[in-house]
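Taking it in order: structure first as structure tokens, then the write-up.
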Amino acid sequence: MKIAYIAPYNTVGTLNLWEKAHNDRGNECIFITLCQTNEQYNPGICLNLPLIKPHFLYIQGRHLYYRLVRSKEGNYRHHTGFPPTWYPNSIIEKYYFDLRDWLWSFKVEPMIEKLKLLDYDIFHFEWGLEFYRDGRFVEKLYNLNKPIICTYHGTDLRSRGVIPKIDKMSTLNLTSELDLIEKHPNLQYLFLPFETSKYVPLYEIKNKIRICHSPRNRLYKGSDKIISICQILEKTHDIEFILIENKTHEETLKIKQSCDILIDQIDNMGGWGYGMNSIEGLSMGLCCMTELVPEYESFIPDHPFINVNRKTLHNTLISLIENPQKIIEHKHKSREWVIKYHDLNNVADNLYNYYESIGAL
């Protein structure tokens, strides 16, 4: 069986994990990205297309445009609808995507031919996107009766919405973000995969307790409050606080592994609970803190997280710092739990169950 993943970019490094999982099962898997990430994740077959880039200036420019045509929240405004649906906000935006589709076709079409992409058996579209905004490639696959799987990761559904043609023709929709289940009538949950065996956890506490926070987007993570509290504790409780930003993924992992406590997020501005940031920390045996809404607590009742919010974070950290045995207990729980739910092989088994449910096996 031949499986292809298409993604704007390899957001948190999961695409190479899926490639490994499928290959380990005797199948052939490739992943194609439209551009490279700042964190230097493996881009697979990277097309390096123009007019798309996960760069601050590109993202900020898009945000300013949406402030003009949508609302003052810009790119951070959540769409309504069930599911939220994308349409051009202006005639200029429509022409922009028409132009981009035309421009990209000069690279995309030869690549499709060279890779014999239409001969693949299963297609995954990360973020619910393909090469073209008008959905022409998905339409070809649909007419060939190919299984079409869309995976949504958060802001793609919250702030952009589904692409109507792609959503209409998708065979299966997946997400690892629990809050998105309430935003789409046909969305299935799949835990994020991780190669937990890559890390040997260290359960002892450092001489000076090290607390880290690694935001991709400070607003989404409630970082200003987290940073402020941790900087106060550096002065009052002799801990070391490490803010991990603007690093390659490899650098981030090395720093994170040297810590005892990871604070993921508070306020749930960018989605509920946790993501790959915490999964990495759990695999390393870190004591992980995040804000969990009641729905998430019910969904994963055996979780190892310390549930905090902006009101409780300060006192909860003090309780941990003054009782380091609690940190050690959570370190052990972290490792056991992440293997059970996020280990690559276990998650791949669940994905193949979904394949079977749609007749793809």
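Ordering of the structure tokens sets the chain letters (A, B, ...); residue numbers start at 1 within each chain; ligands are numbered from 1 in the order shown.
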Check the DSSP output for the backbone and give back, as a PDB file with C-alpha atoms, in the first residue's frame, the residues of range 66-126 of chain A in strand (DSSP E or B).
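Below is the file selection03.pdb, written as the result:
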```pdb
ATOM      1  CA  GLY A  81     -20.401  27.501  11.799  1.00  0.00           C
ATOM      2  CA  PRO A  84     -16.560  26.752  10.255  1.00  0.00           C
ATOM      3  CA  THR A  85     -16.093  27.306   6.520  1.00  0.00           C
ATOM      4  CA  ILE A 122      -4.375   6.727   0.545  1.00  0.00           C
ATOM      5  CA  PHE A 123      -3.985  10.503   0.810  1.00  0.00           C
ATOM      6  CA  HIS A 124      -3.660  12.539   4.004  1.00  0.00           C
ATOM      7  CA  PHE A 125      -4.150  16.309   3.836  1.00  0.00           C
ATOM      8  CA  GLU A 126      -2.780  18.104   6.886  1.00  0.00           C
TER       9      GLU A 126
END
```
Spatial neighbours of Glu250 in chain A, 9 Å, only C-alpha atoms, chain gap at least 6 places, as a PDB file with N, CA and C atoms, in the first residue's frame:
```pdb
ATOM      1  N   GLU A  39      11.864  25.998  12.487  1.00  0.00           N
ATOM      2  CA  GLU A  39      12.480  25.086  13.454  1.00  0.00           C
ATOM      3  C   GLU A  39      13.297  23.982  12.789  1.00  0.00           C
ATOM      4  N   GLN A  40      13.311  23.984  11.447  1.00  0.00           N
ATOM      5  CA  GLN A  40      14.134  23.048  10.677  1.00  0.00           C
ATOM      6  C   GLN A  40      13.716  21.586  10.865  1.00  0.00           C
ATOM      7  N   TYR A  41      12.419  21.337  10.947  1.00  0.00           N
ATOM      8  CA  TYR A  41      11.937  19.966  10.908  1.00  0.00           C
ATOM      9  C   TYR A  41      12.203  19.401   9.513  1.00  0.00           C
TER      10      TYR A  41
END
```
Using only C-alpha atoms, which protein or nucleic acid residues come within 6 Å of Lys2 in chain A? Drop anything in the same chain fewer than 6 positions from it, and give the result as a short mmCIF file (atom, residue, chain, number, x, y, z; two decimals) with C-alpha atoms, in the first residue's frame.
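Result file is selection-v1.cif:
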```cif
data_model
loop_
_atom_site.label_atom_id
_atom_site.label_comp_id
_atom_site.auth_asym_id
_atom_site.auth_seq_id
_atom_site.Cartn_x
_atom_site.Cartn_y
_atom_site.Cartn_z
CA GLU A 28 5.40 2.85 1.28
CA CYS A 29 4.93 6.38 2.58
CA TYR A 120 -0.92 6.17 -4.42
CA ASP A 121 -3.65 4.44 -2.44
#
```
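With only C-alpha atoms as the atoms that count, the residue of A:Ile209, A:Ile327, A:Cys288, A:Ala21 with the shortest distance to Asp349 in chain A is A:Ala21.
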Practice item. Considering only C-alpha atoms, return as a PyMOL selection string whatever protein or nucleic-acid residues lie within 12 Å of Pro83 in chain A, sequence-local ones (same chain, fewer than 2 positions apart) excluded. Key: chain A and resi 78-81+85-86+152+156-164+167-168+173+180-187
Please save N, CA and C atoms of the selected residues as a tab-separated table (two decimals), in the first residue's frame.
```tsv
chain	number	residue	atom	x	y	z
A	78	HIS	N	-12.14	33.54	15.94
A	78	HIS	CA	-12.64	32.20	15.68
A	78	HIS	C	-13.88	32.26	14.80
A	79	HIS	N	-13.89	31.44	13.77
A	79	HIS	CA	-15.03	31.34	12.87
A	79	HIS	C	-16.20	30.65	13.57
A	80	THR	N	-17.40	31.00	13.19
A	80	THR	CA	-18.57	30.28	13.62
A	80	THR	C	-18.96	29.30	12.51
A	81	GLY	N	-19.95	28.48	12.79
A	81	GLY	CA	-20.40	27.50	11.80
A	81	GLY	C	-20.10	26.09	12.26
A	85	THR	N	-16.40	27.48	7.94
A	85	THR	CA	-16.09	27.31	6.52
A	85	THR	C	-15.36	28.52	5.96
A	86	TRP	N	-14.35	28.25	5.17
A	86	TRP	CA	-13.57	29.32	4.56
A	86	TRP	C	-14.17	29.77	3.24
A	152	TYR	N	-7.06	18.01	11.06
A	152	TYR	CA	-7.12	19.40	11.51
A	152	TYR	C	-6.39	19.53	12.85
A	156	ASP	N	-6.33	26.02	12.01
A	156	ASP	CA	-6.84	25.79	10.67
A	156	ASP	C	-8.36	25.72	10.66
A	157	LEU	N	-8.94	25.10	11.68
A	157	LEU	CA	-10.40	24.99	11.75
A	157	LEU	C	-11.01	26.15	12.53
A	158	ARG	N	-10.34	26.58	13.60
A	158	ARG	CA	-10.90	27.64	14.43
A	158	ARG	C	-10.94	28.99	13.70
A	159	SER	N	-9.82	29.36	13.07
A	159	SER	CA	-9.70	30.70	12.51
A	159	SER	C	-9.88	30.76	10.99
A	160	ARG	N	-9.67	29.61	10.32
A	160	ARG	CA	-9.83	29.61	8.85
A	160	ARG	C	-11.11	28.91	8.44
A	161	GLY	N	-11.32	27.70	8.92
A	161	GLY	CA	-12.47	26.90	8.51
A	161	GLY	C	-12.11	25.92	7.42
A	162	VAL	N	-13.01	24.97	7.18
A	162	VAL	CA	-12.77	23.96	6.15
A	162	VAL	C	-12.87	24.60	4.77
A	163	ILE	N	-12.16	24.02	3.80
A	163	ILE	CA	-12.32	24.41	2.41
A	163	ILE	C	-13.51	23.61	1.88
A	164	PRO	N	-14.59	24.26	1.43
A	164	PRO	CA	-15.84	23.55	1.14
A	164	PRO	C	-15.68	22.33	0.23
A	167	ASP	N	-13.75	19.52	2.04
A	167	ASP	CA	-14.54	18.93	3.11
A	167	ASP	C	-15.64	18.03	2.56
A	168	LYS	N	-16.25	18.44	1.47
A	168	LYS	CA	-17.34	17.67	0.86
A	168	LYS	C	-16.84	16.31	0.36
A	173	ASN	N	-12.16	12.53	8.56
A	173	ASN	CA	-11.56	13.72	9.16
A	173	ASN	C	-11.04	13.38	10.55
A	180	LEU	N	-11.99	20.73	18.87
A	180	LEU	CA	-12.44	20.77	17.48
A	180	LEU	C	-13.58	19.79	17.21
A	181	ILE	N	-13.69	18.75	18.05
A	181	ILE	CA	-14.76	17.77	17.88
A	181	ILE	C	-16.11	18.47	17.89
A	182	GLU	N	-16.23	19.54	18.67
A	182	GLU	CA	-17.50	20.25	18.78
A	182	GLU	C	-17.73	21.22	17.62
A	183	LYS	N	-16.74	21.33	16.73
A	183	LYS	CA	-16.85	22.30	15.64
A	183	LYS	C	-17.11	21.66	14.28
A	184	HIS	N	-17.14	20.33	14.22
A	184	HIS	CA	-17.30	19.64	12.93
A	184	HIS	C	-18.21	18.42	13.15
A	185	PRO	N	-19.18	18.19	12.26
A	185	PRO	CA	-20.11	17.08	12.47
A	185	PRO	C	-19.52	15.71	12.19
A	186	ASN	N	-18.34	15.66	11.57
A	186	ASN	CA	-17.76	14.37	11.20
A	186	ASN	C	-16.25	14.39	11.43
A	187	LEU	N	-15.87	14.43	12.71
A	187	LEU	CA	-14.46	14.54	13.07
A	187	LEU	C	-14.13	13.50	14.13
```
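Using only C-alpha atoms, the shortest contact distance between His153 in chain A and any of A:Asn48, A:Thr290, A:Thr14, A:Gln265 is found at A:Thr14.
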Review point. Skipping near chain neighbours, those fewer than 3 positions away, what residues fall within 6 Å of range 199-207 of chain A using only C-alpha atoms, listed as number ranges by chain?
Key: A: 284-285, 328
**Study point:** Nearest candidate to Arg133 in chain A (options A:Leu117, A:Val347, A:Met1, A:Leu99; using only C-alpha atoms)
**Key:**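 For Arg133 in chain A, the nearest of the given residues is A:Leu99.
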Review point. Which of range 274-324 of chain A counts as alpha helix (DSSP H) under DSSP, as a list in words please?
Key: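 Filtering range 274-324 of chain A down to alpha helix (DSSP H) leaves Met276, Asn277, Ser278, Ile279, Glu280, Gly281, Leu282, Ser283, Pro294, Glu295, Tyr296, Glu297, Ser298, Phe299, Leu313, His314, Asn315, Thr316, Leu317, Ile318, Ser319, Leu320, Ile321, Glu322 and Pro324 of chain A.
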Practice item. Calculate how many Å separate CA of Ile239 in chain A from CA of Ile318 in chain A, rounding to one decimal. Key: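 We find that CA of Ile239 in chain A and CA of Ile318 in chain A lie 10.2 Å from each other.
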What's the 7 Å shell around range 218-234 of chain A, counting only C-alpha atoms, without same-chain residues fewer than 2 positions away, as a PDB file with C-alpha atoms, in the first residue's frame?
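Once written, part.pdb looks like this:
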```pdb
ATOM      1  CA  PRO A 215       5.793  28.906  23.401  1.00  0.00           C
ATOM      2  CA  ARG A 216       5.366  28.994  19.645  1.00  0.00           C
ATOM      3  CA  THR A 236      11.970  34.112  46.024  1.00  0.00           C
ATOM      4  CA  HIS A 237      12.607  30.352  45.717  1.00  0.00           C
ATOM      5  CA  ASP A 238      15.998  29.993  44.018  1.00  0.00           C
ATOM      6  CA  ILE A 239      14.725  28.124  40.969  1.00  0.00           C
ATOM      7  CA  GLU A 240      16.000  28.499  37.394  1.00  0.00           C
ATOM      8  CA  PHE A 241      13.523  29.558  34.715  1.00  0.00           C
ATOM      9  CA  GLN A 265      -0.097  26.847  28.647  1.00  0.00           C
ATOM     10  CA  ILE A 266      -2.818  28.661  30.557  1.00  0.00           C
ATOM     11  CA  ASP A 267      -6.034  30.353  29.349  1.00  0.00           C
ATOM     12  CA  ASN A 268      -6.622  27.923  26.412  1.00  0.00           C
ATOM     13  CA  MET A 269      -6.448  30.752  23.879  1.00  0.00           C
ATOM     14  CA  GLY A 270      -4.964  28.485  21.203  1.00  0.00           C
ATOM     15  CA  ARG A 310      -3.511  31.942  35.878  1.00  0.00           C
ATOM     16  CA  HIS A 314       1.930  30.657  41.381  1.00  0.00           C
TER      17      HIS A 314
END
```
Point to revise | For Val293 in chain A: contacts at 8 Å, only C-alpha atoms, fewer than 3 positions along chain excluded, given as a ChimeraX atom specification | key: /A:272-273,296-297
Revision key, fill the gap. In terms of only C-alpha atoms, the residue from A:Ile261, A:Leu118, A:Ile300, A:Ile306 at minimal distance from Asn143 in chain A is A:Leu118
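Among A:Tyr341, A:Tyr87, A:Phe31, A:Tyr354, the residue with the shortest atom-to-atom distance to Thr196 in chain A, counting only C-alpha atoms, is A:Tyr341.
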Check your understanding: Restricting the calculation to only C-alpha atoms, which member of A:Pro50, A:Pro147, A:Gly135, A:Pro294 is positioned closest to Arg100 in chain A?
Key -> A:Pro50
Practice item. Give me, please, the distance in Å between CA of Asn10 in chain A and CA of Gln36 in chain A, quoted to one decimal. Key: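 Those two atoms sit 7.5 Å apart.
Taking CA of Lys340 in chain A and CA of Trp127 in chain A as the two end points, the separation is 25.8 Å.
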